[in-house]
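Dumped start-v4.pdb below, it's PDB, C-alpha atoms:
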ATOM      1  CA  MET A  59     139.008  43.706  69.414
ATOM      2  CA  PRO A  60     136.265  45.720  71.130
ATOM      3  CA  TYR A  61     138.900  47.458  73.266
ATOM      4  CA  GLN A  62     140.781  48.681  70.171
ATOM      5  CA  VAL A  63     137.578  50.008  68.573
ATOM      6  CA  TYR A  64     136.678  51.775  71.814
ATOM      7  CA  LYS A  65     140.185  53.250  72.132
ATOM      8  CA  ALA A  66     140.174  54.474  68.500
ATOM      9  CA  THR A  67     136.750  56.075  69.011
ATOM     10  CA  TYR A  68     137.922  57.663  72.261
ATOM     11  CA  ASP A  69     141.082  59.025  70.590
ATOM     12  CA  ALA A  70     139.058  60.466  67.671
ATOM     13  CA  ALA A  71     136.626  62.100  70.087
ATOM     14  CA  LYS A  72     139.524  63.497  72.110
ATOM     15  CA  LEU A  73     141.084  64.924  68.939
ATOM     16  CA  GLY A  74     137.729  66.406  67.931
ATOM     17  CA  TRP A  75     137.431  68.250  71.231
ATOM     18  CA  LEU A  76     141.023  69.432  70.991
ATOM     19  CA  ARG A  77     140.408  70.710  67.481
ATOM     20  CA  ILE A  78     137.293  72.581  68.640
ATOM     21  CA  PHE A  79     139.185  74.009  71.627
ATOM     22  CA  PHE A  80     142.115  75.262  69.517
ATOM     23  CA  THR A  81     139.775  76.689  66.854
ATOM     24  CA  ALA A  82     137.855  78.562  69.536
ATOM     25  CA  ALA A  83     141.125  79.793  71.053
ATOM     26  CA  MET A  84     142.270  81.080  67.642
ATOM     27  CA  ILE A  85     138.953  82.854  67.057
ATOM     28  CA  PHE A  86     139.095  84.432  70.526
ATOM     29  CA  SER A  87     142.699  85.503  69.945
ATOM     30  CA  THR A  88     141.787  87.082  66.597
ATOM     31  CA  LEU A  89     138.797  88.913  68.097
ATOM     32  CA  LEU A  90     140.922  90.166  70.986
ATOM     33  CA  ARG A  91     143.549  91.480  68.541
ATOM     34  CA  LYS A  92     140.864  93.229  66.475
ATOM     35  CA  VAL A  93     139.358  94.838  69.591
ATOM     36  CA  ARG A  94     142.816  96.058  70.638
ATOM     37  CA  ASN A  95     143.473  97.466  67.160
ATOM     38  CA  PHE A  96     140.054  99.160  67.163
ATOM     39  CA  ALA A  97     140.805 100.713  70.548
ATOM     40  CA  HIS A  98     143.921 102.360  69.074
ATOM     41  CA  LEU A  99     142.006 104.024  66.208
ATOM     42  CA  SER A 100     141.176 107.716  66.344
ATOM     43  CA  TRP A 101     137.832 108.870  67.720
ATOM     44  CA  PHE A 102     136.804 109.924  64.196
ATOM     45  CA  VAL A 103     137.301 106.404  62.822
ATOM     46  CA  LYS A 104     135.524 104.848  65.827
ATOM     47  CA  THR A 105     132.578 107.235  65.469
ATOM     48  CA  TRP A 106     132.144 106.792  61.724
ATOM     49  CA  PHE A 107     133.014 103.071  61.439
ATOM     50  CA  LEU A 108     129.466 101.623  61.642
ATOM     51  CA  PRO A 109     127.774 104.333  59.529
ATOM     52  CA  VAL A 110     130.477 103.980  56.853
ATOM     53  CA  TRP A 111     130.214 100.191  56.976
ATOM     54  CA  PHE A 112     126.452 100.509  56.418
ATOM     55  CA  LEU A 113     126.912 103.143  53.677
ATOM     56  CA  LEU A 114     129.340 100.851  51.857
ATOM     57  CA  GLY A 115     126.601  98.216  51.693
ATOM     58  CA  VAL A 116     124.004 100.713  50.512
ATOM     59  CA  SER A 117     126.339 102.196  47.908
ATOM     60  CA  ARG A 118     127.302  98.715  46.675
ATOM     61  CA  SER A 119     123.609  97.903  46.255
ATOM     62  CA  LEU A 120     122.948 101.184  44.437
ATOM     63  CA  VAL A 121     125.907 100.640  42.109
ATOM     64  CA  LEU A 122     124.547  97.214  41.191
ATOM     65  CA  ILE A 123     120.901  98.270  40.808
ATOM     66  CA  ILE A 124     120.829 101.865  39.511
ATOM     67  CA  PRO A 125     122.309 102.800  36.106
ATOM     68  CA  PHE A 126     125.303 105.140  36.179
ATOM     69  CA  ARG A 127     123.442 107.946  34.373
ATOM     70  CA  HIS A 128     121.096 108.197  37.376
ATOM     71  CA  LEU A 129     123.932 108.090  39.935
ATOM     72  CA  ALA A 130     126.193 110.576  38.139
ATOM     73  CA  PRO A 131     124.312 113.795  39.083
ATOM     74  CA  ARG A 132     124.740 112.923  42.776
ATOM     75  CA  LEU A 133     128.492 112.398  42.511
ATOM     76  CA  GLY A 134     129.221 116.081  41.964
ATOM     77  CA  VAL A 135     129.498 118.475  39.046
ATOM     78  CA  ARG A 136     130.876 116.823  35.916
ATOM     79  CA  THR A 137     133.864 118.718  34.517
ATOM     80  CA  GLY A 138     134.744 116.475  31.600
ATOM     81  CA  ILE A 139     137.972 114.556  31.279
ATOM     82  CA  LEU A 140     140.380 117.211  32.534
ATOM     83  CA  PRO A 141     141.961 115.993  35.771
ATOM     84  CA  TRP A 142     141.543 118.594  38.510
ATOM     85  CA  VAL A 143     143.223 118.695  41.867
ATOM     86  CA  ALA A 144     141.318 120.548  44.547
ATOM     87  CA  LEU A 145     143.470 122.818  46.711
ATOM     88  CA  VAL A 146     142.630 122.478  50.381
ATOM     89  CA  ASP A 147     144.059 123.916  53.572
ATOM     90  CA  SER A 148     145.849 121.772  56.148
ATOM     91  CA  GLY A 149     142.753 121.337  58.342
ATOM     92  CA  ARG A 150     140.634 120.002  55.504
ATOM     93  CA  GLU A 151     143.536 117.882  54.315
ATOM     94  CA  ALA A 152     143.715 116.279  57.768
ATOM     95  CA  ARG A 153     139.948 115.668  57.669
ATOM     96  CA  ALA A 154     140.286 114.056  54.207
ATOM     97  CA  LEU A 155     143.019 111.790  55.576
ATOM     98  CA  SER A 156     140.731 110.756  58.462
ATOM     99  CA  ILE A 157     137.939 110.028  55.985
ATOM    100  CA  ALA A 158     140.351 107.939  53.928
ATOM    101  CA  ARG A 159     141.261 105.895  57.013
ATOM    102  CA  VAL A 160     137.670 105.216  58.051
ATOM    103  CA  VAL A 161     136.567 104.235  54.529
ATOM    104  CA  GLN A 162     139.518 101.882  54.067
ATOM    105  CA  THR A 163     139.078 100.381  57.547
ATOM    106  CA  ALA A 164     135.342  99.797  57.134
ATOM    107  CA  ALA A 165     135.806  98.400  53.606
ATOM    108  CA  SER A 166     138.209  95.776  54.919
ATOM    109  CA  TYR A 167     135.508  94.438  57.287
ATOM    110  CA  THR A 168     132.563  94.166  54.883
ATOM    111  CA  PRO A 169     131.371  90.658  53.952
ATOM    112  CA  TRP A 170     130.427  91.969  50.482
ATOM    113  CA  VAL A 171     132.726  93.328  47.787
ATOM    114  CA  SER A 172     133.562  96.947  48.627
ATOM    115  CA  ASN A 173     135.678  97.797  45.618
ATOM    116  CA  CYS A 174     136.656 101.226  44.337
ATOM    117  CA  PHE A 175     133.238 102.529  43.240
ATOM    118  CA  PRO A 176     131.339 102.048  46.549
ATOM    119  CA  GLN A 177     134.360 103.409  48.429
ATOM    120  CA  ALA A 178     134.443 106.471  46.165
ATOM    121  CA  VAL A 179     130.708 107.080  46.689
ATOM    122  CA  VAL A 180     131.023 106.858  50.474
ATOM    123  CA  ALA A 181     134.134 109.074  50.499
ATOM    124  CA  ARG A 182     132.271 111.624  48.370
ATOM    125  CA  ILE A 183     129.379 111.621  50.888
ATOM    126  CA  LEU A 184     131.684 112.171  53.878
ATOM    127  CA  LEU A 185     133.738 114.836  52.116
ATOM    128  CA  GLY A 186     130.484 116.596  51.239
ATOM    129  CA  ILE A 187     129.306 116.457  54.865
ATOM    130  CA  TYR A 188     132.551 118.068  56.043
ATOM    131  CA  CYS A 189     132.672 120.585  53.142
ATOM    132  CA  VAL A 190     136.031 119.325  51.889
ATOM    133  CA  PRO A 191     136.558 120.036  48.163
ATOM    134  CA  TYR A 192     137.082 116.784  46.291
ATOM    135  CA  CYS A 193     137.572 115.387  42.806
ATOM    136  CA  LEU A 194     136.102 112.002  41.944
ATOM    137  CA  PHE A 195     137.677 110.362  38.889
ATOM    138  CA  PHE A 196     136.715 107.462  36.666
ATOM    139  CA  GLY A 197     139.357 105.846  34.511
ATOM    140  CA  VAL A 198     140.205 102.784  32.451
ATOM    141  CA  THR A 199     143.293 100.862  31.458
ATOM    142  CA  ARG A 200     144.035  97.726  29.496
ATOM    143  CA  ASP A 201     145.139  94.654  31.374
ATOM    144  CA  PRO A 202     148.694  93.430  30.655
ATOM    145  CA  THR A 203     147.464  90.967  28.032
ATOM    146  CA  GLY A 204     145.631  93.781  26.244
ATOM    147  CA  SER A 205     142.423  91.816  25.829
ATOM    148  CA  THR A 206     140.151  93.518  28.397
ATOM    149  CA  LEU A 207     139.663  96.922  29.966
ATOM    150  CA  LYS A 208     139.817  97.503  33.712
ATOM    151  CA  ALA A 209     137.802 100.363  35.201
ATOM    152  CA  HIS A 210     138.642 102.240  38.388
ATOM    153  CA  ALA A 211     137.239 105.075  40.514
ATOM    154  CA  TRP A 212     139.262 107.216  42.908
ATOM    155  CA  VAL A 213     138.824 110.342  45.006
ATOM    156  CA  THR A 214     141.349 113.035  45.846
ATOM    157  CA  ALA A 215     141.189 116.059  48.117
ATOM    158  CA  GLY A 216     144.266 118.218  47.721
ATOM    159  CA  ARG A 217     147.344 116.032  48.080
ATOM    160  CA  VAL A 218     145.367 113.300  49.862
ATOM    161  CA  ARG A 219     144.337 110.202  47.919
ATOM    162  CA  VAL A 220     141.135 109.487  49.798
ATOM    163  CA  THR A 221     140.320 106.278  47.909
ATOM    164  CA  GLY A 222     141.863 104.491  44.959
ATOM    165  CA  GLY A 223     145.566 104.895  45.653
ATOM    166  CA  GLU A 224     148.107 105.767  42.955
ATOM    167  CA  SER A 225     145.758 105.888  39.986
ATOM    168  CA  PHE A 226     146.758 108.850  37.807
ATOM    169  CA  GLY A 227     149.756 107.068  36.334
ATOM    170  CA  GLN A 228     147.930 103.809  35.670
ATOM    171  CA  PHE A 229     144.510 104.836  34.349
ATOM    172  CA  THR A 230     143.282 107.116  31.575
ATOM    173  CA  VAL A 231     140.733 109.553  33.022
ATOM    174  CA  LEU A 232     137.290 109.220  31.405
ATOM    175  CA  GLY A 233     135.366 111.497  33.720
ATOM    176  CA  CYS A 234     135.859 113.873  36.598
ATOM    177  CA  PHE A 235     133.266 115.021  39.130
ATOM    178  CA  VAL A 236     134.086 117.847  41.538
ATOM    179  CA  SER A 237     132.366 119.095  44.665
ATOM    180  CA  PRO A 238     129.745 121.787  44.050
ATOM    181  CA  CYS A 239     131.751 124.411  45.971
ATOM    182  CA  LEU A 240     134.797 123.685  43.813
ATOM    183  CA  ALA A 241     132.693 123.805  40.638
ATOM    184  CA  HIS A 242     131.369 127.220  41.692
ATOM    185  CA  ALA A 243     134.939 128.474  42.199
ATOM    186  CA  ILE A 244     135.964 127.091  38.793
ATOM    187  CA  SER A 245     133.036 128.836  37.099
ATOM    188  CA  GLN A 246     134.040 132.121  38.775
ATOM    189  CA  ILE A 247     137.559 131.771  37.400
ATOM    190  CA  ASP A 248     136.271 131.057  33.874
ATOM    191  CA  GLN A 249     134.227 134.274  33.831
TER     192      GLN A 249
END
Kindly transcribe the structure held in the file into structure tokens.
Amino acid sequence: MPYQVYKATYDAAKLGWLRIFFTAAMIFSTLLRKVRNFAHLSWFVKTWFLPVWFLLGVSRSLVLIIPFRHLAPRLGVRTGILPWVALVDSGREARALSIARVVQTAASYTPWVSNCFPQAVVARILLGIYCVPYCLFFGVTRDPTGSTLKAHAWVTAGRVRVTGGESFGQFTVLGCFVSPCLAHAISQIDQ
């Protein structure tokens, strides 16, 4: 009897070590794959990854703590509910596409929820740094059951959907904020 108990304990211990070994091997394999994928990213994404990751956390905190009426003036110039599309040249369009990639990449690695609003805030900051005209939209839609509303925020720069994906067809626009340089150009046209 003691031999069987010893053998069962030995087998369980052996399985425990095997389980730990294979778990460690899977973690190492996953980390190696992520390092390889990171190595293939553009220099822009590599350079901005950590700052954007940090900004996503800060913007998530601000969205949760500060009321929207205090955040709104920093999002851009409010133009009402008319959906605008900023016209940009090919160089700025390429920069907007790079910003879209880095925001989406960093958002996929955050341990907190980096939904549409923090992503839109961070994209707006980067587009402002690089002087790319943008439009930041807020919209709502009813869920399929019709009982609740779903809100969404998205950013466009020319033909590039920086954050938020295909949103114009799904959401009713409630507000639009444009970059200050674009708002200045719009006010010149109105005069």
Using all atoms listed in the file, determine which residues lie at most 8 Å from Leu140 of chain A, disregarding the query and same-chain residues fewer than 6 positions distant; provide the list as a list of chain:residue names. A:Val231, A:Gly233, A:Cys234
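Here the question is which of A:Gly216, A:Ser225, A:Ser117, A:Arg94 gets nearest to Ser148 of chain A using all atoms listed in the file, and that residue is A:Gly216.
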Could you tell me which residues the PyMOL selection byres ((chain A and resi 152) around 12) grabs in this file, written as a ChimeraX atom specification? /A:102,146-151,153-159,185,188,190,215-220
Could you pull the residues within 9 Å of segment 172-176 of chain A, counting all atoms listed in the file, minus those fewer than 3 positions along the same chain, as a ChimeraX atom specification? /A:113-121,165-166,168-169,179-181,196,210-212,221-222
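If you measure from each of A:Leu207, A:Ala83, A:Val143, A:Val171 to Pro191 of chain A using all atoms listed in the file, the closest one turns out to be A:Val143.
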